[in-house]
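Source file: run.pdb; contents: PDB, C-alpha atoms, pLDDT in the B column.
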```
ATOM      1  CA  VAL I  46       0.000   0.000   0.000  1.00 59.00           C
ATOM      2  CA  ASN I  47       2.729   2.454   0.965  1.00 62.00           C
ATOM      3  CA  ALA I  48       4.957   1.479  -1.964  1.00 61.00           C
ATOM      4  CA  GLN I  49       2.009   2.054  -4.297  1.00 57.00           C
ATOM      5  CA  ARG I  50       1.360   5.496  -2.806  1.00 57.00           C
ATOM      6  CA  GLU I  51       5.000   6.504  -3.286  1.00 57.00           C
ATOM      7  CA  ALA I  52       5.052   5.206  -6.856  1.00 58.00           C
ATOM      8  CA  ASN I  53       1.989   7.257  -7.724  1.00 55.00           C
ATOM      9  CA  ALA I  54       3.119  10.455  -6.016  1.00 56.00           C
ATOM     10  CA  GLY I  55       4.847  11.900  -9.071  1.00 57.00           C
ATOM     11  CA  LYS I  56       2.385  10.742 -11.729  1.00 66.00           C
ATOM     12  CA  LYS I  57      -0.166  12.861 -13.566  1.00 76.00           C
ATOM     13  CA  TYR I  58      -2.954  10.307 -13.190  1.00 80.00           C
ATOM     14  CA  ASP I  59      -3.463   8.154 -10.113  1.00 84.00           C
ATOM     15  CA  LEU I  60      -5.140   5.109 -11.576  1.00 89.00           C
ATOM     16  CA  ALA I  61      -4.336   2.706  -8.731  1.00 85.00           C
ATOM     17  CA  LYS I  62      -7.826   3.209  -7.318  1.00 85.00           C
ATOM     18  CA  TRP I  63      -9.581   2.730 -10.646  1.00 90.00           C
ATOM     19  CA  LYS I  64     -11.675  -0.342 -11.112  1.00 90.00           C
ATOM     20  CA  TYR I  65     -11.010  -2.731 -13.959  1.00 91.00           C
ATOM     21  CA  ALA I  66     -14.167  -1.648 -15.823  1.00 92.00           C
ATOM     22  CA  GLU I  67     -13.204   2.044 -15.550  1.00 93.00           C
ATOM     23  CA  LEU I  68      -9.774   1.381 -17.048  1.00 93.00           C
ATOM     24  CA  ARG I  69     -11.253  -0.779 -19.813  1.00 92.00           C
ATOM     25  CA  ASP I  70     -13.993   1.735 -20.684  1.00 93.00           C
ATOM     26  CA  THR I  71     -11.495   4.615 -20.737  1.00 94.00           C
ATOM     27  CA  ILE I  72      -9.216   2.692 -23.093  1.00 93.00           C
ATOM     28  CA  ASN I  73     -12.200   2.022 -25.349  1.00 93.00           C
ATOM     29  CA  THR I  74     -13.650   5.527 -25.361  1.00 94.00           C
ATOM     30  CA  SER I  75     -11.087   8.197 -24.422  1.00 92.00           C
ATOM     31  CA  CYS I  76      -9.206  10.376 -26.891  1.00 93.00           C
ATOM     32  CA  ASP I  77      -6.757  11.718 -24.297  1.00 91.00           C
ATOM     33  CA  ILE I  78      -3.419  10.192 -25.342  1.00 93.00           C
ATOM     34  CA  ASP I  79      -1.774  10.717 -21.939  1.00 93.00           C
ATOM     35  CA  LEU I  80      -4.702   9.166 -20.111  1.00 93.00           C
ATOM     36  CA  LEU I  81      -4.802   6.240 -22.543  1.00 94.00           C
ATOM     37  CA  GLU I  82      -1.107   5.598 -22.000  1.00 94.00           C
ATOM     38  CA  ALA I  83      -1.545   5.824 -18.207  1.00 94.00           C
ATOM     39  CA  CYS I  84      -4.452   3.325 -18.358  1.00 94.00           C
ATOM     40  CA  ARG I  85      -2.395   0.956 -20.477  1.00 93.00           C
ATOM     41  CA  GLU I  86       0.500   1.199 -18.020  1.00 93.00           C
ATOM     42  CA  GLU I  87      -1.767   0.524 -15.054  1.00 92.00           C
ATOM     43  CA  PHE I  88      -3.273  -2.489 -16.830  1.00 91.00           C
ATOM     44  CA  HIS I  89       0.180  -3.768 -17.644  1.00 92.00           C
ATOM     45  CA  ARG I  90       1.378  -3.246 -14.060  1.00 92.00           C
ATOM     46  CA  ARG I  91      -1.540  -5.227 -12.607  1.00 92.00           C
ATOM     47  CA  LEU I  92      -1.100  -8.046 -15.109  1.00 92.00           C
ATOM     48  CA  LYS I  93       2.661  -8.209 -14.564  1.00 93.00           C
ATOM     49  CA  VAL I  94       2.278  -8.383 -10.780  1.00 93.00           C
ATOM     50  CA  TYR I  95      -0.404 -11.062 -11.132  1.00 94.00           C
ATOM     51  CA  HIS I  96       1.734 -13.236 -13.426  1.00 94.00           C
ATOM     52  CA  ALA I  97       4.737 -12.857 -11.117  1.00 93.00           C
ATOM     53  CA  TRP I  98       2.619 -13.883  -8.125  1.00 93.00           C
ATOM     54  CA  LYS I  99       1.115 -16.801 -10.058  1.00 92.00           C
ATOM     55  CA  ALA I 100       4.551 -18.090 -11.096  1.00 93.00           C
ATOM     56  CA  ARG I 101       5.907 -17.771  -7.552  1.00 89.00           C
ATOM     57  CA  ASN I 102       2.836 -19.451  -6.097  1.00 85.00           C
ATOM     58  CA  LYS I 103       3.056 -22.345  -8.554  1.00 82.00           C
ATOM     59  CA  LYS I 104       6.721 -22.844  -7.716  1.00 80.00           C
ATOM     60  CA  LYS I 105       5.969 -22.873  -3.974  1.00 77.00           C
ATOM     61  CA  ASN I 106       3.211 -25.469  -4.398  1.00 75.00           C
ATOM     62  CA  THR I 107       5.418 -27.672  -6.581  1.00 75.00           C
ATOM     63  CA  THR I 108       8.195 -27.606  -3.981  1.00 67.00           C
ATOM     64  CA  PHE I 109       5.653 -28.399  -1.261  1.00 60.00           C
ATOM     65  CA  ASN I 110       4.275 -31.384  -3.215  1.00 60.00           C
ATOM     66  CA  ASP I 111       7.781 -32.655  -3.893  1.00 59.00           C
ATOM     67  CA  ASP I 112       8.516 -32.524  -0.172  1.00 56.00           C
ATOM     68  CA  MET I 113       5.432 -34.586   0.544  1.00 53.00           C
ATOM     69  CA  ARG I 114       6.724 -37.530  -1.490  1.00 51.00           C
TER
ATOM     70  CA  THR W 189     -19.022 -32.534  11.627  1.00 59.00           C
ATOM     71  CA  ALA W 190     -21.541 -29.687  11.626  1.00 62.00           C
ATOM     72  CA  ALA W 191     -18.923 -27.237  12.910  1.00 62.00           C
ATOM     73  CA  VAL W 192     -16.447 -28.275  10.229  1.00 58.00           C
ATOM     74  CA  GLU W 193     -19.114 -27.851   7.544  1.00 62.00           C
ATOM     75  CA  GLU W 194     -19.964 -24.416   8.921  1.00 63.00           C
ATOM     76  CA  VAL W 195     -16.320 -23.291   8.794  1.00 63.00           C
ATOM     77  CA  ASP W 196     -16.024 -24.623   5.236  1.00 78.00           C
ATOM     78  CA  SER W 197     -19.153 -22.789   4.225  1.00 84.00           C
ATOM     79  CA  VAL W 198     -17.892 -19.496   5.718  1.00 86.00           C
ATOM     80  CA  ARG W 199     -14.583 -19.982   3.932  1.00 89.00           C
ATOM     81  CA  THR W 200     -16.299 -20.759   0.615  1.00 91.00           C
ATOM     82  CA  THR W 201     -18.605 -17.745   0.882  1.00 91.00           C
ATOM     83  CA  ALA W 202     -15.719 -15.475   1.871  1.00 92.00           C
ATOM     84  CA  GLU W 203     -13.550 -16.724  -1.000  1.00 93.00           C
ATOM     85  CA  GLU W 204     -16.397 -16.246  -3.484  1.00 93.00           C
ATOM     86  CA  ASN W 205     -16.900 -12.684  -2.207  1.00 93.00           C
ATOM     87  CA  ILE W 206     -13.155 -11.972  -2.385  1.00 94.00           C
ATOM     88  CA  ASN W 207     -12.999 -13.375  -5.891  1.00 94.00           C
ATOM     89  CA  LEU W 208     -15.881 -11.131  -6.993  1.00 94.00           C
ATOM     90  CA  LEU W 209     -14.028  -8.102  -5.612  1.00 94.00           C
ATOM     91  CA  LEU W 210     -10.825  -9.162  -7.393  1.00 94.00           C
ATOM     92  CA  GLU W 211     -12.751  -9.596 -10.633  1.00 93.00           C
ATOM     93  CA  ASN W 212     -14.425  -6.228 -10.236  1.00 91.00           C
ATOM     94  CA  PHE W 213     -11.348  -4.275  -9.200  1.00 89.00           C
ATOM     95  CA  MET W 214      -8.452  -6.053 -10.882  1.00 88.00           C
ATOM     96  CA  GLY W 215     -10.119  -7.932 -13.721  1.00 89.00           C
ATOM     97  CA  ILE W 216      -8.639 -11.065 -12.161  1.00 89.00           C
ATOM     98  CA  ASN W 217     -10.627 -14.133 -11.188  1.00 91.00           C
ATOM     99  CA  ASP W 218      -8.401 -16.527  -9.276  1.00 94.00           C
ATOM    100  CA  ALA W 219      -9.592 -18.889  -6.561  1.00 93.00           C
ATOM    101  CA  GLU W 220      -6.014 -19.450  -5.300  1.00 94.00           C
ATOM    102  CA  LEU W 221      -5.455 -15.729  -4.864  1.00 94.00           C
ATOM    103  CA  ALA W 222      -8.810 -15.402  -3.078  1.00 95.00           C
ATOM    104  CA  SER W 223      -7.855 -18.335  -0.844  1.00 94.00           C
ATOM    105  CA  GLN W 224      -4.498 -16.740   0.026  1.00 94.00           C
ATOM    106  CA  ILE W 225      -6.245 -13.487   0.981  1.00 95.00           C
ATOM    107  CA  TRP W 226      -8.663 -15.454   3.191  1.00 94.00           C
ATOM    108  CA  ASP W 227      -5.728 -17.219   4.890  1.00 93.00           C
ATOM    109  CA  LEU W 228      -4.117 -13.856   5.610  1.00 93.00           C
ATOM    110  CA  ALA W 229      -7.359 -12.396   6.940  1.00 92.00           C
ATOM    111  CA  ASP W 230      -8.615 -15.366   8.918  1.00 85.00           C
ATOM    112  CA  GLU W 231      -7.304 -14.497  12.354  1.00 86.00           C
ATOM    113  CA  LYS W 232      -7.148 -10.745  11.995  1.00 91.00           C
ATOM    114  CA  THR W 233      -9.410  -8.530  14.022  1.00 92.00           C
ATOM    115  CA  ASN W 234      -9.580  -5.379  11.912  1.00 93.00           C
ATOM    116  CA  THR W 235      -8.806  -3.778   8.538  1.00 94.00           C
ATOM    117  CA  MET W 236      -5.474  -2.377   9.699  1.00 94.00           C
ATOM    118  CA  GLU W 237      -4.200  -5.813  10.689  1.00 94.00           C
ATOM    119  CA  LEU W 238      -5.246  -7.171   7.296  1.00 95.00           C
ATOM    120  CA  ALA W 239      -3.523  -4.282   5.484  1.00 95.00           C
ATOM    121  CA  GLU W 240      -0.356  -4.923   7.489  1.00 95.00           C
ATOM    122  CA  ALA W 241      -0.474  -8.672   6.784  1.00 95.00           C
ATOM    123  CA  ILE W 242      -0.884  -8.022   3.050  1.00 94.00           C
ATOM    124  CA  ASP W 243       1.991  -5.529   3.081  1.00 94.00           C
ATOM    125  CA  ASN W 244       4.223  -8.141   4.730  1.00 93.00           C
ATOM    126  CA  SER W 245       3.297 -10.899   2.275  1.00 92.00           C
ATOM    127  CA  ASP W 246       3.761 -11.850  -1.376  1.00 89.00           C
ATOM    128  CA  LEU W 247       0.655  -9.833  -2.147  1.00 92.00           C
ATOM    129  CA  GLU W 248       2.359  -6.535  -1.328  1.00 91.00           C
ATOM    130  CA  ALA W 249       3.364  -6.145  -4.998  1.00 90.00           C
ATOM    131  CA  PHE W 250      -0.273  -5.925  -6.095  1.00 90.00           C
ATOM    132  CA  GLY W 251      -0.423  -2.486  -4.489  1.00 88.00           C
ATOM    133  CA  PHE W 252      -3.959  -2.938  -3.198  1.00 90.00           C
ATOM    134  CA  THR W 253      -5.410   0.397  -2.109  1.00 89.00           C
ATOM    135  CA  ASP W 254      -6.773   1.069   1.376  1.00 90.00           C
ATOM    136  CA  ASP W 255     -10.275   1.260  -0.110  1.00 89.00           C
ATOM    137  CA  PHE W 256      -9.878  -2.134  -1.738  1.00 92.00           C
ATOM    138  CA  ILE W 257      -8.567  -3.714   1.467  1.00 94.00           C
ATOM    139  CA  PHE W 258     -11.510  -2.154   3.293  1.00 94.00           C
ATOM    140  CA  GLU W 259     -13.873  -3.805   0.796  1.00 93.00           C
ATOM    141  CA  LEU W 260     -12.051  -7.132   1.200  1.00 94.00           C
ATOM    142  CA  TRP W 261     -12.448  -6.879   4.959  1.00 95.00           C
ATOM    143  CA  GLY W 262     -16.168  -6.166   4.500  1.00 94.00           C
ATOM    144  CA  ALA W 263     -16.586  -9.259   2.332  1.00 92.00           C
ATOM    145  CA  ILE W 264     -14.764 -11.395   4.908  1.00 92.00           C
ATOM    146  CA  THR W 265     -16.697 -10.123   7.924  1.00 92.00           C
ATOM    147  CA  ASP W 266     -19.979 -10.478   6.001  1.00 90.00           C
ATOM    148  CA  ALA W 267     -19.198 -14.132   5.336  1.00 89.00           C
ATOM    149  CA  LYS W 268     -18.156 -14.712   8.953  1.00 86.00           C
ATOM    150  CA  SER W 269     -21.350 -13.190  10.310  1.00 85.00           C
ATOM    151  CA  GLY W 270     -23.515 -15.180   7.896  1.00 79.00           C
ATOM    152  CA  ARG W 271     -24.526 -12.223   5.759  1.00 73.00           C
ATOM    153  CA  GLY W 272     -23.429 -14.137   2.675  1.00 63.00           C
ATOM    154  CA  LYS W 273     -22.924 -12.385  -0.610  1.00 59.00           C
ATOM    155  CA  SER W 274     -23.233  -8.684  -0.043  1.00 51.00           C
ATOM    156  CA  VAL W 275     -20.712  -7.551  -2.630  1.00 50.00           C
ATOM    157  CA  ASN W 276     -21.881  -4.719  -4.867  1.00 53.00           C
ATOM    158  CA  ASN W 277     -25.290  -4.428  -3.264  1.00 49.00           C
ATOM    159  CA  ASN W 278     -24.791  -0.658  -3.331  1.00 50.00           C
ATOM    160  CA  ASN W 279     -25.477  -0.763  -7.050  1.00 49.00           C
ATOM    161  CA  GLN W 280     -29.112  -1.538  -6.387  1.00 45.00           C
ATOM    162  CA  TYR W 281     -29.825   2.027  -5.299  1.00 44.00           C
TER
END
```

Could the structure of this file be written out as C-alpha cells, please?
Amino acid sequence: VNAQREANAGKKYDLAKWKYAELRDTINTSCDIDLLEACREEFHRRLKVYHAWKARNKKKNTTFNDDMR
Amino acid sequence: TAAVEEVDSVRTTAEENINLLLENFMGINDAELASQIWDLADEKTNTMELAEAIDNSDLEAFGFTDDFIFELWGAITDAKSGRGKSVNNNNQY
C-alpha cells in the first residue's frame, strides 16, 4: 500500500484506485493520449504483478508437493 | 461434523466474495489468490491488521489500495457473520 502510494506520487494520473471496468472503458472511449497511456500502463502493471505472483505461487506449491513424497 | 461444515461454508462464501471483488477491481478471477487473501485475513481482528499482513506478504506487490482492502475486509466479515454475498449491493440504489 505504501509502496504504491509513493510510486503514484509523481504521476499525472493516479489510476491505482480505478476499477477494472473504468480502465477498460477509458481505453475504449477516451481520446486523451496521456490518459490512454496511463491506463495501459496501469493495466500492464496489474497483469505483470499477477503473473509474477502466479509463477511464484506455482513454484511454492510444486516444492511443497515434492517434499510430501 | 456440523462445525467443520460451517467453517467450510464461511470460507467458501468469503472466498467467493473476495474473488468477486478481485474480478471487479483487478479484472482477475483466481480462486487461489482469493484463498491466500482469506488465509491472511482469517485471524485478523480489523482492517489495519489485514492491510499490514498483506503488506508483509507476497501480495504486497499488487499495491492494493486502502479502499480495496476495506472492501475485502467487508466481504470477509460479512461471510463470517452469515450475511453471505453482499458484494456490490450498493449498485441496487

Exercise. CA of Asp70 in chain I and CA of Glu259 in chain W are how many Å apart?
Worked result: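 Separation between CA of Asp70 in chain I and CA of Glu259 in chain W: 22.2 Å.
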
For this session: Pick out the residues sitting within 6 Å of range 211-222 of chain W, and hand them over as an MDAnalysis selection string; count only C-alpha atoms, and ignore anything fewer than 4 positions along from it in its own chain.
Result: (chainID I and resid 64:65) or (chainID W and resid 203 206:207)

Can you spit out the residues from that selection as a PDB file, in the frame of the given file, using C-alpha atoms?
```
ATOM      1  CA  LYS I  64     -11.675  -0.342 -11.112  1.00 90.00           C
ATOM      2  CA  TYR I  65     -11.010  -2.731 -13.959  1.00 91.00           C
TER       3      TYR I  65
ATOM      4  CA  GLU W 203     -13.550 -16.724  -1.000  1.00 93.00           C
ATOM      5  CA  ILE W 206     -13.155 -11.972  -2.385  1.00 94.00           C
ATOM      6  CA  ASN W 207     -12.999 -13.375  -5.891  1.00 94.00           C
TER       7      ASN W 207
END
```

For this session: Identify all residues satisfying the PyMOL selection byres ((chain W and resi 266) around 12) in the given file; provide them as number ranges by chain.
Result: W: 198-199, 201-206, 259-265, 267-275

Go ahead and write the residues just picked, C-alpha atoms, as a PDB file, in the coordinates of the input.
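Once everything was written out, this is again.pdb:
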```pdb
ATOM      1  CA  VAL W 198     -17.892 -19.496   5.718  1.00 86.00           C
ATOM      2  CA  ARG W 199     -14.583 -19.982   3.932  1.00 89.00           C
ATOM      3  CA  THR W 201     -18.605 -17.745   0.882  1.00 91.00           C
ATOM      4  CA  ALA W 202     -15.719 -15.475   1.871  1.00 92.00           C
ATOM      5  CA  GLU W 203     -13.550 -16.724  -1.000  1.00 93.00           C
ATOM      6  CA  GLU W 204     -16.397 -16.246  -3.484  1.00 93.00           C
ATOM      7  CA  ASN W 205     -16.900 -12.684  -2.207  1.00 93.00           C
ATOM      8  CA  ILE W 206     -13.155 -11.972  -2.385  1.00 94.00           C
ATOM      9  CA  GLU W 259     -13.873  -3.805   0.796  1.00 93.00           C
ATOM     10  CA  LEU W 260     -12.051  -7.132   1.200  1.00 94.00           C
ATOM     11  CA  TRP W 261     -12.448  -6.879   4.959  1.00 95.00           C
ATOM     12  CA  GLY W 262     -16.168  -6.166   4.500  1.00 94.00           C
ATOM     13  CA  ALA W 263     -16.586  -9.259   2.332  1.00 92.00           C
ATOM     14  CA  ILE W 264     -14.764 -11.395   4.908  1.00 92.00           C
ATOM     15  CA  THR W 265     -16.697 -10.123   7.924  1.00 92.00           C
ATOM     16  CA  ALA W 267     -19.198 -14.132   5.336  1.00 89.00           C
ATOM     17  CA  LYS W 268     -18.156 -14.712   8.953  1.00 86.00           C
ATOM     18  CA  SER W 269     -21.350 -13.190  10.310  1.00 85.00           C
ATOM     19  CA  GLY W 270     -23.515 -15.180   7.896  1.00 79.00           C
ATOM     20  CA  ARG W 271     -24.526 -12.223   5.759  1.00 73.00           C
ATOM     21  CA  GLY W 272     -23.429 -14.137   2.675  1.00 63.00           C
ATOM     22  CA  LYS W 273     -22.924 -12.385  -0.610  1.00 59.00           C
ATOM     23  CA  SER W 274     -23.233  -8.684  -0.043  1.00 51.00           C
ATOM     24  CA  VAL W 275     -20.712  -7.551  -2.630  1.00 50.00           C
TER      25      VAL W 275
END
```

Mind checking which residues fall within 9 Å of Leu228 in chain W, counting all atoms listed in the file, ignoring those fewer than 3 positions away in the same chain, and posting them as a compact mmCIF listing (two decimals) with C-alpha atoms, keeping the file's coordinate frame?
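Output saved as part02.txt:
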```txt
# COMPACT_ATOMS: atom_id res chain seq x y z
CA SER W 223 -7.86 -18.34 -0.84
CA GLN W 224 -4.50 -16.74 0.03
CA ILE W 225 -6.24 -13.49 0.98
CA GLU W 231 -7.30 -14.50 12.35
CA LYS W 232 -7.15 -10.74 12.00
CA LEU W 238 -5.25 -7.17 7.30
CA ALA W 241 -0.47 -8.67 6.78
CA ILE W 242 -0.88 -8.02 3.05
CA SER W 245 3.30 -10.90 2.28
```

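Taking CA of Leu60 in chain I and CA of Ala83 in chain I as the two end points, the separation is 7.6 Å.
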
Apply the PyMOL selection byres ((chain I and resi 86) around 12) to the displayed file and report the matching residues as an mmCIF file with C-alpha atoms, in the coordinates of the input.
```
data_model
loop_
_atom_site.group_PDB
_atom_site.id
_atom_site.type_symbol
_atom_site.label_atom_id
_atom_site.label_comp_id
_atom_site.auth_asym_id
_atom_site.auth_seq_id
_atom_site.Cartn_x
_atom_site.Cartn_y
_atom_site.Cartn_z
ATOM 1 C CA LYS I 56 2.385 10.742 -11.729
ATOM 2 C CA TYR I 58 -2.954 10.307 -13.190
ATOM 3 C CA ASP I 59 -3.463 8.154 -10.113
ATOM 4 C CA LEU I 60 -5.140 5.109 -11.576
ATOM 5 C CA ALA I 61 -4.336 2.706 -8.731
ATOM 6 C CA LEU I 68 -9.774 1.381 -17.048
ATOM 7 C CA ILE I 72 -9.216 2.692 -23.093
ATOM 8 C CA ASP I 79 -1.774 10.717 -21.939
ATOM 9 C CA LEU I 80 -4.702 9.166 -20.111
ATOM 10 C CA LEU I 81 -4.802 6.240 -22.543
ATOM 11 C CA GLU I 82 -1.107 5.598 -22.000
ATOM 12 C CA ALA I 83 -1.545 5.824 -18.207
ATOM 13 C CA CYS I 84 -4.452 3.325 -18.358
ATOM 14 C CA ARG I 85 -2.395 0.956 -20.477
ATOM 15 C CA GLU I 87 -1.767 0.524 -15.054
ATOM 16 C CA PHE I 88 -3.273 -2.489 -16.830
ATOM 17 C CA HIS I 89 0.180 -3.768 -17.644
ATOM 18 C CA ARG I 90 1.378 -3.246 -14.060
ATOM 19 C CA ARG I 91 -1.540 -5.227 -12.607
ATOM 20 C CA LEU I 92 -1.100 -8.046 -15.109
ATOM 21 C CA LYS I 93 2.661 -8.209 -14.564
#
```

For this session: Please identify all polymer residues within 9 Å of Ala239 in chain W, counting all atoms listed in the file, omitting same-chain residues fewer than 2 positions from it, and present them as number ranges by chain.
Result: I: 46; W: 234-237, 241-244, 252, 254, 257-258

The selected residues should be written to file as a PDB file, in the frame of the given file (atoms: C-alpha atoms).
```
ATOM      1  CA  VAL I  46       0.000   0.000   0.000  1.00 59.00           C
TER       2      VAL I  46
ATOM      3  CA  ASN W 234      -9.580  -5.379  11.912  1.00 93.00           C
ATOM      4  CA  THR W 235      -8.806  -3.778   8.538  1.00 94.00           C
ATOM      5  CA  MET W 236      -5.474  -2.377   9.699  1.00 94.00           C
ATOM      6  CA  GLU W 237      -4.200  -5.813  10.689  1.00 94.00           C
ATOM      7  CA  ALA W 241      -0.474  -8.672   6.784  1.00 95.00           C
ATOM      8  CA  ILE W 242      -0.884  -8.022   3.050  1.00 94.00           C
ATOM      9  CA  ASP W 243       1.991  -5.529   3.081  1.00 94.00           C
ATOM     10  CA  ASN W 244       4.223  -8.141   4.730  1.00 93.00           C
ATOM     11  CA  PHE W 252      -3.959  -2.938  -3.198  1.00 90.00           C
ATOM     12  CA  ASP W 254      -6.773   1.069   1.376  1.00 90.00           C
ATOM     13  CA  ILE W 257      -8.567  -3.714   1.467  1.00 94.00           C
ATOM     14  CA  PHE W 258     -11.510  -2.154   3.293  1.00 94.00           C
TER      15      PHE W 258
END
```

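Put simply, CA of Leu210 in chain W is 27.4 Å away from CA of Ile78 in chain I.
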
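With all atoms listed in the file as the atoms that count, the residue of W:Phe256, W:Trp226, W:Thr233, W:Asp196 with the shortest distance to chain I is W:Phe256.
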
How big is the axis-aligned box around the listed atoms of range 232-239 of chain W once 4 Å is added on each side, and where is its centre? Give both in Å to one decimal, as JSON.
```
{"center_x": -6.6, "center_y": -6.6, "center_z": 9.8, "size_x": 14.1, "size_y": 16.4, "size_z": 16.5}
```

Exercise. In terms of the shortest atom-to-atom distance over only C-alpha atoms, which of I:Ala100, I:Thr107, I:Cys76, I:Trp63 is closest to chain W?
Worked result: I:Trp63
